[in-house]
Amino acid sequence: SGKWVKAMEIVKDFEIKCSTPISRLRQVCDAMIVEMHAGLASEGGSKLKMLISYVDSLPTGKEKGLFYALDLGGTNFRVLRLQLGGKGHGILNQQFVEVSIPPSLMTGDSSDALFDFIVAKLAKFIAQEGLDFKTTPGRQRELGFTFSFPVVQTSIASGTLLKWTKGFSINEAVGRDVVAELTKAMERHGLDMRVSALVNDTVGTLAGGRFANKDVVAAVILGTGSNAAYVERASAIPKWHGPLPRSGEMVINMEWGNFKSAHLPLSEYDLEMDADSLNPGDQIYEKVMSGMYLGEIVRRVLSWLAQEAAFFGDTVPPKLKVPFILGTPAISAMHQDTTPDLKVVTNHIKDIFEISNTSLKMRKVIVQICSIVATRGARLSAAGVLSILRKMGRDTIKEGEKHRTVIAMDGGLYEHYTKYRKCLENCLNELLGKDVFETIVLELSSDGSGIGAAILAASHSKYL
Ligand code: ADP
Ligand code: MG
């Protein structure tokens with residue numbers, strides 16, 4: 001019928017706008033490298049902040065003692081403790097708890113309210129420290145704070161929040177030192193603890209990855225949001241005016257989520273989602289690749305199909321109009337539905353949108369839309385990985401050298417969405433060629449960000 005033809009036109013048009021041929025990915029990569037150089041050259045020189053982490057030496061494996069971490073950056077936060085055994089002994093013991101953050105605190109007006117909530121959970125966790133964890137008598141407990149928002153650091157344990165991302169928006173916290181905010185909340189709570197490292201989740205993941213594997217030189221997060229960090233030569237950071245570190249290296253938090261380029265394939269659905277977001281115009285790369293947004297893009301396409309092509313019948317099912325009602329885990333489940341009649345799709349569409357009259361033909365279109373969105377995201381993230389490899393000179397095999405490059409990967413999207421992960425890998429293979437691709441390892445480092453922060457707290461302990 002005419003309506004079906006119209007629906008197919010809409011899907012085809014969306015597919016074309018989201019297409020990511022290799023030539024375009026190379027343009028994205030070229031543009032990203034230009035921005036990386038600009039961001040390293042001067043503060044505010046680029047959409048890529050290329051933030052200096054103050055981590056100039058990565059874990060060696062000799063770290064020792066009991067350390068805590070607090071990992072804040074998405075809808076949940078985690079608190080954990082690690083007992084590190086010292087050289088050759090690795091992690092002797094670890095425990096964590098995960099707590100979801102009440103949405104009212106994520107977008108409230110009070111920085112104190114958020115930090116008080118976090119510290120209350122942290123204090124409770126510390127109170128449950130068992131005898132299998134050993135503090136050193138006379139020492140304050142130390143904490144690594146993983147804070148996954150753009151922060152300009154002034155030292156390893158201080159830094160001011162530039163802006164919120166990923167659904168957080170507490171205006172008064174912007175411009176403040178987040179370690180001071182956390183420390184004040186600890187004092188209000190009577191909690192005796194010192195924050196010895198402030199790290200982005202990418203930096204934590206890189207550190208945690210390096211602790212486990214000495215070939216780790218970069219980290220990529222694909223979770224609620226997306227970001228990456230890598231080891232840069234300190235001499236290649238013109239905006240760094242401090243003393244050259246002994247290692248000659250500095251970990252850079254790219255804040256790649258804020259990348260933007262005319263080469264990014266964007267559709268009207270993406271632009272509208274951005275316009276309606278808490279941070280319009282920001283984090284465009286993140287908004288087409290990461291877990292917070294992929295489901296929402298699919299919802300917007302389905303909603304348009306319902307409205308313009310009566311895809312779900314003569315009226316638009318009301319649930320289709322609810323922003324963020326369709327999560328990326330549902331996209332992943334539908335996309336990877338292997339039942340012959342797409343039963344998983346049937347159930348998700350019924351449960352989420354209260355639509356129960358889908359035909360197999362319609363369900364195939366829904367899977368196709370999920371595939372278009374996930375494929376674009378995965379291939380654009382591959383272009384980002386290529387940019388890092390090129391910047392580090394690890395996108396070619398050098399005469400006589402045989403190195404392995406390991407990238408620590410973390411985030412629920414990468415961990416759970418198999419087709420996304422495979423698509424990223426295949427695309428990287430395509431971009432690099434088989435010989436180079438074989439020297440690259442993408443290594444899942446589950447919860448590496450918290451572990452890495454605790455280890456960095458150890459290597460930056462005041463008792464060393
Ligand atoms: P954060 O990024 O907040 O630290 P995670 O790394 O746990 O948290 O990532 C959570 C994100 O991962 C969610 O926003 C969700 O979109 C995505 N995710 C979780 N499970 C799945 C899944 N099964 N399939 C696809 N994406 C998932
Ligand atoms: Mg995380």
# chains A, B, ... in the order shown; residues from 1 in each chain; ligands from 1
$ closest_atom_pairs --of "chain A" --to "ligand 1" --cutoff "9 Å" --atoms "only C-alpha atoms and all ligand atoms" --output "tab-separated table"
residue	atom	partner	partner_atom_place_in_ligand_line	distance
A:Asp71	CA	ligand 1	4 (O)	7.8
A:Leu72	CA	ligand 1	4 (O)	7.2
A:Gly73	CA	ligand 1	3 (O)	5.4
A:Gly74	CA	ligand 1	3 (O)	3.1
A:Thr75	CA	ligand 1	3 (O)	5.3
A:Asn76	CA	ligand 1	3 (O)	6.0
A:Phe77	CA	ligand 1	4 (O)	7.5
A:Arg78	CA	ligand 1	4 (O)	8.9
A:Ser148	CA	ligand 1	4 (O)	8.0
A:Lys166	CA	ligand 1	3 (O)	8.5
A:Asp201	CA	ligand 1	4 (O)	7.8
A:Ile221	CA	ligand 1	2 (O)	7.3
A:Leu222	CA	ligand 1	6 (O)	6.8
A:Gly223	CA	ligand 1	9 (O)	3.5
A:Thr224	CA	ligand 1	14 (O)	3.6
A:Gly225	CA	ligand 1	2 (O)	5.6
A:Ser226	CA	ligand 1	2 (O)	7.6
A:Ser290	CA	ligand 1	16 (O)	6.9
A:Gly291	CA	ligand 1	16 (O)	3.2
A:Met292	CA	ligand 1	14 (O)	4.6
A:Tyr293	CA	ligand 1	16 (O)	7.4
A:Leu294	CA	ligand 1	16 (O)	7.6
A:Gly295	CA	ligand 1	16 (O)	7.8
A:Gly327	CA	ligand 1	16 (O)	6.2
A:Thr328	CA	ligand 1	16 (O)	4.6
A:Pro329	CA	ligand 1	24 (N)	3.7
A:Ala330	CA	ligand 1	24 (N)	6.9
A:Ile331	CA	ligand 1	25 (C)	6.9
A:Ser332	CA	ligand 1	24 (N)	4.7
A:Ala333	CA	ligand 1	24 (N)	6.8
A:Asp410	CA	ligand 1	6 (O)	6.4
A:Gly411	CA	ligand 1	6 (O)	3.1
A:Gly412	CA	ligand 1	12 (O)	3.4
A:Leu413	CA	ligand 1	26 (N)	3.8
A:Tyr414	CA	ligand 1	26 (N)	7.2
A:Glu415	CA	ligand 1	21 (C)	7.4
A:His416	CA	ligand 1	23 (N)	4.5
A:Tyr417	CA	ligand 1	24 (N)	4.3
A:Thr418	CA	ligand 1	24 (N)	8.0
A:Tyr420	CA	ligand 1	25 (C)	8.4
A:Ser446	CA	ligand 1	6 (O)	8.3
A:Asp447	CA	ligand 1	6 (O)	7.6
A:Ser449	CA	ligand 1	4 (O)	8.5
$ residues_around --residues "Thr107 in chain A" --least-positions-apart "4" --cutoff "8 Å" --atoms "only C-alpha atoms" --output "list in words"
Pro103, Gly167, Phe168, Ser169 and Ile170 of chain A
$ select_by_dssp --residues "range 61-308 of chain A" --states "alpha helix (DSSP H)" --output "MDAnalysis selection string"
chainID A and resid 103:106 111:127 178:188 201:212 268:275 284:289 291:308
$ closest_residue --among "A:Ala378, A:Leu428, A:Ala180, A:Leu82" --to "Ile451 in chain A" --atoms "only C-alpha atoms"
A:Leu82
$ atom_distance --atom1 "CA of Ile455 in chain A" --atom2 "CA of Ala207 in chain A"
7.5 Å
$ closest_residue --among "A:Ser110, A:Ser104, A:Asn227, A:Asn279" --to "ligand 2" --atoms "only C-alpha atoms and all ligand atoms"
A:Asn227
$ residues_around --residues "Lys462 in chain A" --least-positions-apart "5" --cutoff "10 Å" --atoms "only C-alpha atoms" --output "ChimeraX atom specification"
/A:139-140,142,194,196,457
$ write_last_selection --atoms "C-alpha atoms" --output "short mmCIF file (atom, residue, chain, number, x, y, z; two decimals), in the first residue's frame"
data_model
loop_
_atom_site.label_atom_id
_atom_site.label_comp_id
_atom_site.auth_asym_id
_atom_site.auth_seq_id
_atom_site.Cartn_x
_atom_site.Cartn_y
_atom_site.Cartn_z
CA ARG A 139 46.94 5.86 58.36
CA GLN A 140 43.94 7.59 56.93
CA GLU A 142 42.63 6.84 50.84
CA ARG A 194 41.51 11.43 51.92
CA SER A 196 44.34 11.00 46.71
CA ALA A 457 45.08 6.24 44.79
#
$ closest_residue --among "A:Asp56, A:Glu98, A:Glu9, A:Asp270" --to "ligand 2" --atoms "only C-alpha atoms and all ligand atoms"
A:Glu98
$ select_by_dssp --residues "range 174-392 of chain A" --states "strand (DSSP E or B)" --output "NGL selection string"
:A and (177 or 193-199 or 216-222 or 226-233 or 249-253)
$ atom_distance --atom1 "CA of Ile126 in chain A" --atom2 "CA of Arg81 in chain A"
8.6 Å
$ closest_residue --among "A:Ala219, A:Ile101, A:Val231, A:Met8" --to "Glu308 in chain A" --atoms "only C-alpha atoms"
A:Met8
$ closest_residue --among "A:Ala31, A:Ile349, A:Thr136, A:Phe145" --to "Ser46 in chain A" --atoms "only C-alpha atoms"
A:Ala31
$ closest_residue --among "A:Arg421, A:Lys3, A:Lys87, A:Lys163" --to "Leu278 in chain A" --atoms "only C-alpha atoms"
A:Lys163
$ residues_around --residues "range 235-250 of chain A" --least-positions-apart "6" --cutoff "9 Å" --atoms "only C-alpha atoms" --output "list in words"
His37, Gly39, Leu40, Ala41, Ser42, Glu43, Ile52, Ser53, Tyr54, Val55, Asp56 and Ser57 of chain A
$ residues_around --residues "Val441 in chain A" --least-positions-apart "4" --cutoff "8 Å" --atoms "only C-alpha atoms" --output "list in words"
Arg404, Thr405, Val406 and Ile407 of chain A
$ atom_distance --atom1 "CA of Thr339 in chain A" --atom2 "CA of Leu305 in chain A"
24.4 Å
$ residues_around --residues "range 14-24 of chain A" --least-positions-apart "4" --cutoff "10 Å" --atoms "only C-alpha atoms" --output "JSON, numbers by chain"
{"A": [8, 9, 10, 28, 29, 30, 263, 264, 265, 266, 267, 268, 269, 270, 288, 301, 368, 369, 371, 372, 373, 375, 376, 377, 378, 379, 380, 383, 427, 430, 431]}
$ residues_around --residues "Leu326 in chain A" --least-positions-apart "5" --cutoff "7 Å" --atoms "only C-alpha atoms" --output "JSON, numbers by chain"
{"A": [295, 296, 299, 352]}
